[in-house]
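Here the structure comes first, spelled out in structure tokens, and everything after it is commentary.
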Number of protein chains: 2
Amino acid sequence: MIQNDLFLKALRGESVERPPVWMMRQAGRYLPDFMKLKHKYDFFTRCQTPELATEITVMPIDQIGVDAAIIFSDILVVLQAMGIQVEMKDGVGPWIEEPIRTAADVSRLEIPDVHDRLSYVMEALKMTKTALDGRVPLIGFAGSPWTLLCYLVQGQGSKNFDMAKAYCFTQPQAAHEILQKITDVTITYLKAQVAAGANAVQVFDSWGGLLSPSDYNQFSAPYIKQIVEALKEEAPTIVFGKGCWFALQDMSQWGAAALGVDWTCSARNARYLSGGNITLQGNFDPSRLLSPIPTIEKEVRQMIDAFGKDRYVVNLGHGILPNIPVDHAKAFVDTVKSYS
Amino acid sequence: MIQNDLFLKALRGESVERPPVWMMRQAGRYLPDFMKLKHKYDFFTRCQTPELATEITVMPIDQIGVDAAIIFSDILVVLQAMGIQVEMKDGVGPWIEEPIRTAADVSRLEIPDVHDRLSYVMEALKMTKTALDGRVPLIGFAGSPWTLLCYLVQGQGSKNFDMAKAYCFTQPQAAHEILQKITDVTITYLKAQVAAGANAVQVFDSWGGLLSPSDYNQFSAPYIKQIVEALKEEAPTIVFGKGCWFALQDMSQWGAAALGVDWTCSARNARYLSGGNITLQGNFDPSRLLSPIPTIEKEVRQMIDAFGKDRYVVNLGHGILPNIPVDHAKAFVDTVKSYS
């Protein structure tokens, strides 16, 4: 039994006294205790050590008071499980020494036993469940196949992921093969996360919004849709496509419990584009948390007024920034909790 | 008299046999002759030497066959004219050693005599007019006040321009003072460009799409609107706001001759959002020029079919990338020219 089930109620579309709130990257660099662990252990060590992942996952529950926990991990662990060497370089971000560039390279992608290769994630989920002791629900997650292909081909972050796009545009068959492989692994992976205790899962399509609607419909949408459909009987799914306002109408038909939106899409536009009947999640500009606290309070209240308290999960429109003062993050959450 | 006036006709909303075509950054690094000059002269030397700016501006007319020239320059020359030291660092991009960070810093912004400080731009426009000899129209341009503030405060490019936003959110009065100063200088500057021969001007709001609609309405829209209104009697204005789909409806009321859109906004959405009566410009994904030529040809034709041949200027949805093969750029332009 989960004591605070506001988040799950909102995902089911049930009426609530106030909307639930959590923040993407809520267990992140703005938290001093996170920084202590960051100085002691490198990024993937933190992901791969269930005790550390658990400690980090629970931090924002204890310290900020959010209504849901999201397991500390990374979307790129799926590529690692598929046999790709991924590093996290300081000042650079994700780094793949040998990215996929040719059609023949596709064979380098293994279909792993995720219960084995990613057992540390499932163990972290179980340990976190114990640590949470039913206080709040726990969210599992994965990257969208298109977003993972972006890193897999480009080899690192990019403004436009032009090499990843060029791969899709010049070798569409190979690209679709990669996307399908990632999709299959992701489905097994997310099901395993639910079996290990995740109460809901989120698919992060961080780079879907770099595509034109027609390319999105070719290279991103069909794969996320498969994932959502495969998870339908398992747990509620949230699809967050950064910059994917143009796809909200289609997305609302996939069977997801909720859709994430960013701050460029107003509540009014988001409700209109998604048809008005699906739970929405978002969409505070992370940089807006640099405002003075009274401004944050005013704008959060306005945001809830605009989305309405039901069928709504308060969140940022992207991950929280490392330079946000803790008391500003707390003001964000507290304002939601005192909303009436 | 301009021999090929398709572009100006499209801006006036007149019917044409086929839409005009030009490309943002058409005089750029994908051109081998541009690279030769780039290796010999640094960025701002190329901007500040009218002979070089003219030679570069005319290159894509001779070599690619576009229907309009756009003066080779940079949006940041306005900040330089206002007394700010701006460098272009290799591998980094724009760099301001001493960015504006406090309210008191605003006084560092001078209101210059642009005819003096930016005389090299006006001279380049005049020389280019002579070199073009009436073949195609010449476009002048400036950055939007918000986009210039982004660099002025952040000091360099950024994924989210969080410091620029924080400046606006914590010191709105100082921010508005900066934005108004830039607006005033930009109006004089664009009028001077028209007097020097520009047949149309474009305002680049490269970072407007990083703002929420409500922040956009505070920090970007009012200033672009002032510029458009001030230029109304001088020359047709194009407003290009990257990622600003949410503002198209308002923008269509400002009196601009055309609105630029990027590739995430479909022709259908762009026509719907802008009201259907204003000329639109765009919106081919620059990365799509990495596709095989037959694919480019097919997609360009589909794009024109979708926008319709009238009230439409074919362009990319952002600047052309340095790694585009010249024959792909040419295929893009040739497809438009053979459209019927």
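By order in the structure tokens, chains are A, B, ...; within a chain, residues start at 1; ligands start at 1, following the order shown.
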- [ ] Kindly determine which residues of chain A lie within 9 Å of chain B, considering only C-alpha atoms, and give the answer as a PyMOL selection string.
- [x] chain A and resi 159-163+165-170+209-214+243-246+262-266+269+284-292+295+321
- [ ] Within 12 Å of B:Ala221, counting only C-alpha atoms, which residues show up once you throw out same-chain ones fewer than 3 positions away? Write them as an MDAnalysis selection string, please.
- [x] chainID B and resid 144:147 176 179:180 183 203 205 207:209 211:218 224:228 239:241 244 246:254
For the residues selected in the previous step, produce a file with C-alpha atoms as an mmCIF file, in the first residue's frame.
```cif
data_model
loop_
_atom_site.group_PDB
_atom_site.id
_atom_site.type_symbol
_atom_site.label_atom_id
_atom_site.label_comp_id
_atom_site.auth_asym_id
_atom_site.auth_seq_id
_atom_site.Cartn_x
_atom_site.Cartn_y
_atom_site.Cartn_z
ATOM 1 C CA SER B 144 16.186 40.417 -32.002
ATOM 2 C CA PRO B 145 16.805 42.361 -28.797
ATOM 3 C CA TRP B 146 16.097 39.248 -26.681
ATOM 4 C CA THR B 147 18.570 37.152 -28.687
ATOM 5 C CA HIS B 176 13.894 45.917 -20.062
ATOM 6 C CA LEU B 179 16.167 45.468 -24.422
ATOM 7 C CA GLN B 180 14.908 48.993 -25.113
ATOM 8 C CA THR B 183 15.732 48.078 -29.850
ATOM 9 C CA VAL B 203 14.955 40.013 -37.681
ATOM 10 C CA ASP B 205 15.052 35.790 -32.950
ATOM 11 C CA TRP B 207 16.477 32.164 -28.960
ATOM 12 C CA GLY B 208 12.865 33.322 -28.661
ATOM 13 C CA GLY B 209 11.841 29.663 -28.647
ATOM 14 C CA LEU B 211 11.092 31.194 -23.575
ATOM 15 C CA SER B 212 7.667 30.226 -22.331
ATOM 16 C CA PRO B 213 4.885 32.063 -24.183
ATOM 17 C CA SER B 214 4.381 34.374 -21.225
ATOM 18 C CA ASP B 215 8.099 35.196 -20.896
ATOM 19 C CA TYR B 216 8.293 35.619 -24.668
ATOM 20 C CA ASN B 217 5.486 38.158 -24.458
ATOM 21 C CA GLN B 218 7.434 40.058 -21.824
ATOM 22 C CA ILE B 224 10.494 42.934 -32.191
ATOM 23 C CA LYS B 225 7.089 44.529 -32.619
ATOM 24 C CA GLN B 226 8.577 48.000 -32.128
ATOM 25 C CA ILE B 227 11.196 47.249 -34.767
ATOM 26 C CA VAL B 228 8.651 45.971 -37.279
ATOM 27 C CA VAL B 239 10.481 37.967 -38.523
ATOM 28 C CA PHE B 240 12.112 34.598 -37.919
ATOM 29 C CA GLY B 241 11.655 33.222 -34.424
ATOM 30 C CA CYS B 244 8.377 30.376 -31.810
ATOM 31 C CA PHE B 246 3.418 29.428 -30.130
ATOM 32 C CA ALA B 247 3.705 33.110 -31.065
ATOM 33 C CA LEU B 248 2.769 32.908 -34.758
ATOM 34 C CA GLN B 249 -0.759 34.124 -34.158
ATOM 35 C CA ASP B 250 0.410 37.306 -32.397
ATOM 36 C CA MET B 251 3.310 37.815 -34.798
ATOM 37 C CA SER B 252 0.953 37.801 -37.753
ATOM 38 C CA GLN B 253 -0.585 41.025 -36.382
ATOM 39 C CA TRP B 254 2.636 43.026 -36.083
#
```
Task: Distance query stretch 17-28 of chain A at most 10 Å, only C-alpha atoms, self and fewer than 6 positions along chain excluded, as a VMD selection string - done: chain A and resid 4 to 11 34 to 35 38 53 55 to 61 64 to 72 281 to 284 286 304 307 to 322 329 332 to 340
Suppose we keep C-alpha atoms; can you now write the selection as a PDB file, in the first residue's frame?
```pdb
ATOM      1  CA  ASN A   4       0.710   9.158  -0.717  1.00  0.00           C
ATOM      2  CA  ASP A   5      -0.882   7.955  -3.945  1.00  0.00           C
ATOM      3  CA  LEU A   6      -1.734  11.358  -5.426  1.00  0.00           C
ATOM      4  CA  PHE A   7       0.595  10.710  -8.343  1.00  0.00           C
ATOM      5  CA  LEU A   8      -1.001   7.370  -9.238  1.00  0.00           C
ATOM      6  CA  LYS A   9      -4.468   8.866  -8.857  1.00  0.00           C
ATOM      7  CA  ALA A  10      -3.571  11.645 -11.275  1.00  0.00           C
ATOM      8  CA  LEU A  11      -2.247   9.057 -13.748  1.00  0.00           C
ATOM      9  CA  PHE A  34      24.220  14.427  -4.140  1.00  0.00           C
ATOM     10  CA  MET A  35      27.376  16.440  -4.804  1.00  0.00           C
ATOM     11  CA  LYS A  38      29.370  12.695  -6.939  1.00  0.00           C
ATOM     12  CA  ALA A  53      21.322   4.619  -6.433  1.00  0.00           C
ATOM     13  CA  GLU A  55      20.393   6.666  -1.353  1.00  0.00           C
ATOM     14  CA  ILE A  56      20.296   9.195  -4.213  1.00  0.00           C
ATOM     15  CA  THR A  57      16.747   8.279  -5.289  1.00  0.00           C
ATOM     16  CA  VAL A  58      15.380   8.831  -1.788  1.00  0.00           C
ATOM     17  CA  MET A  59      17.161  12.174  -1.177  1.00  0.00           C
ATOM     18  CA  PRO A  60      14.535  14.437  -2.777  1.00  0.00           C
ATOM     19  CA  ILE A  61      11.735  12.570  -0.962  1.00  0.00           C
ATOM     20  CA  ILE A  64      12.369  18.339  -0.891  1.00  0.00           C
ATOM     21  CA  GLY A  65       9.151  16.462  -0.212  1.00  0.00           C
ATOM     22  CA  VAL A  66       8.130  15.465  -3.743  1.00  0.00           C
ATOM     23  CA  ASP A  67       5.166  13.119  -4.261  1.00  0.00           C
ATOM     24  CA  ALA A  68       7.022  10.499  -6.297  1.00  0.00           C
ATOM     25  CA  ALA A  69      10.495   9.026  -6.493  1.00  0.00           C
ATOM     26  CA  ILE A  70      12.226   8.281  -9.794  1.00  0.00           C
ATOM     27  CA  ILE A  71      14.969   5.702  -9.777  1.00  0.00           C
ATOM     28  CA  PHE A  72      18.462   7.184 -10.136  1.00  0.00           C
ATOM     29  CA  GLN A 281       2.729  16.562 -16.811  1.00  0.00           C
ATOM     30  CA  GLY A 282       4.933  19.651 -16.759  1.00  0.00           C
ATOM     31  CA  ASN A 283       5.849  22.331 -17.624  1.00  0.00           C
ATOM     32  CA  PHE A 284       7.697  24.916 -15.502  1.00  0.00           C
ATOM     33  CA  PRO A 286      13.700  25.039 -15.170  1.00  0.00           C
ATOM     34  CA  ILE A 304      -1.881  24.965 -11.780  1.00  0.00           C
ATOM     35  CA  PHE A 307      -3.755  23.231 -16.262  1.00  0.00           C
ATOM     36  CA  GLY A 308      -6.456  22.617 -13.655  1.00  0.00           C
ATOM     37  CA  LYS A 309      -5.869  20.506 -10.544  1.00  0.00           C
ATOM     38  CA  ASP A 310      -7.134  17.240 -12.084  1.00  0.00           C
ATOM     39  CA  ARG A 311      -5.494  15.125 -14.773  1.00  0.00           C
ATOM     40  CA  TYR A 312      -2.348  17.014 -14.015  1.00  0.00           C
ATOM     41  CA  VAL A 313       1.073  16.202 -12.566  1.00  0.00           C
ATOM     42  CA  VAL A 314       3.142  19.255 -11.663  1.00  0.00           C
ATOM     43  CA  ASN A 315       6.704  19.023 -12.926  1.00  0.00           C
ATOM     44  CA  LEU A 316       9.344  21.056 -14.694  1.00  0.00           C
ATOM     45  CA  GLY A 317       9.414  21.150 -18.480  1.00  0.00           C
ATOM     46  CA  HIS A 318      12.893  19.536 -18.440  1.00  0.00           C
ATOM     47  CA  GLY A 319      15.458  18.486 -15.829  1.00  0.00           C
ATOM     48  CA  ILE A 320      16.230  20.756 -12.881  1.00  0.00           C
ATOM     49  CA  LEU A 321      19.452  22.777 -13.411  1.00  0.00           C
ATOM     50  CA  PRO A 322      22.517  22.241 -11.212  1.00  0.00           C
ATOM     51  CA  ALA A 329      13.253  23.863  -5.475  1.00  0.00           C
ATOM     52  CA  PHE A 332       8.295  25.053  -6.034  1.00  0.00           C
ATOM     53  CA  VAL A 333       7.174  21.847  -4.322  1.00  0.00           C
ATOM     54  CA  ASP A 334       5.690  23.572  -1.251  1.00  0.00           C
ATOM     55  CA  THR A 335       3.571  25.860  -3.421  1.00  0.00           C
ATOM     56  CA  VAL A 336       1.993  22.846  -5.085  1.00  0.00           C
ATOM     57  CA  LYS A 337       1.390  21.173  -1.730  1.00  0.00           C
ATOM     58  CA  SER A 338      -0.389  24.219  -0.346  1.00  0.00           C
ATOM     59  CA  TYR A 339      -2.479  24.720  -3.481  1.00  0.00           C
ATOM     60  CA  SER A 340      -6.191  24.753  -2.935  1.00  0.00           C
TER      61      SER A 340
END
```
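Straight-line separation from atom CA of B:Arg12 to atom CA of B:Ala257: 6.8 Å.
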TODO: Find the residues near B:Gly143: any atom within 9 Å, counting only C-alpha atoms, skip ones fewer than 4 places away on the same chain, and give them as a ChimeraX atom specification.
DONE: /B:74-76,78,147-148,186,202-206
Open item on the list: From a backbone DSSP assignment, name each residue in stretch 103-227 of chain A labelled alpha helix (DSSP H), as a PyMOL selection string.
Closed with: chain A and resi 114-117+119-132+145-154+162-170+172-195+213-219+221-227
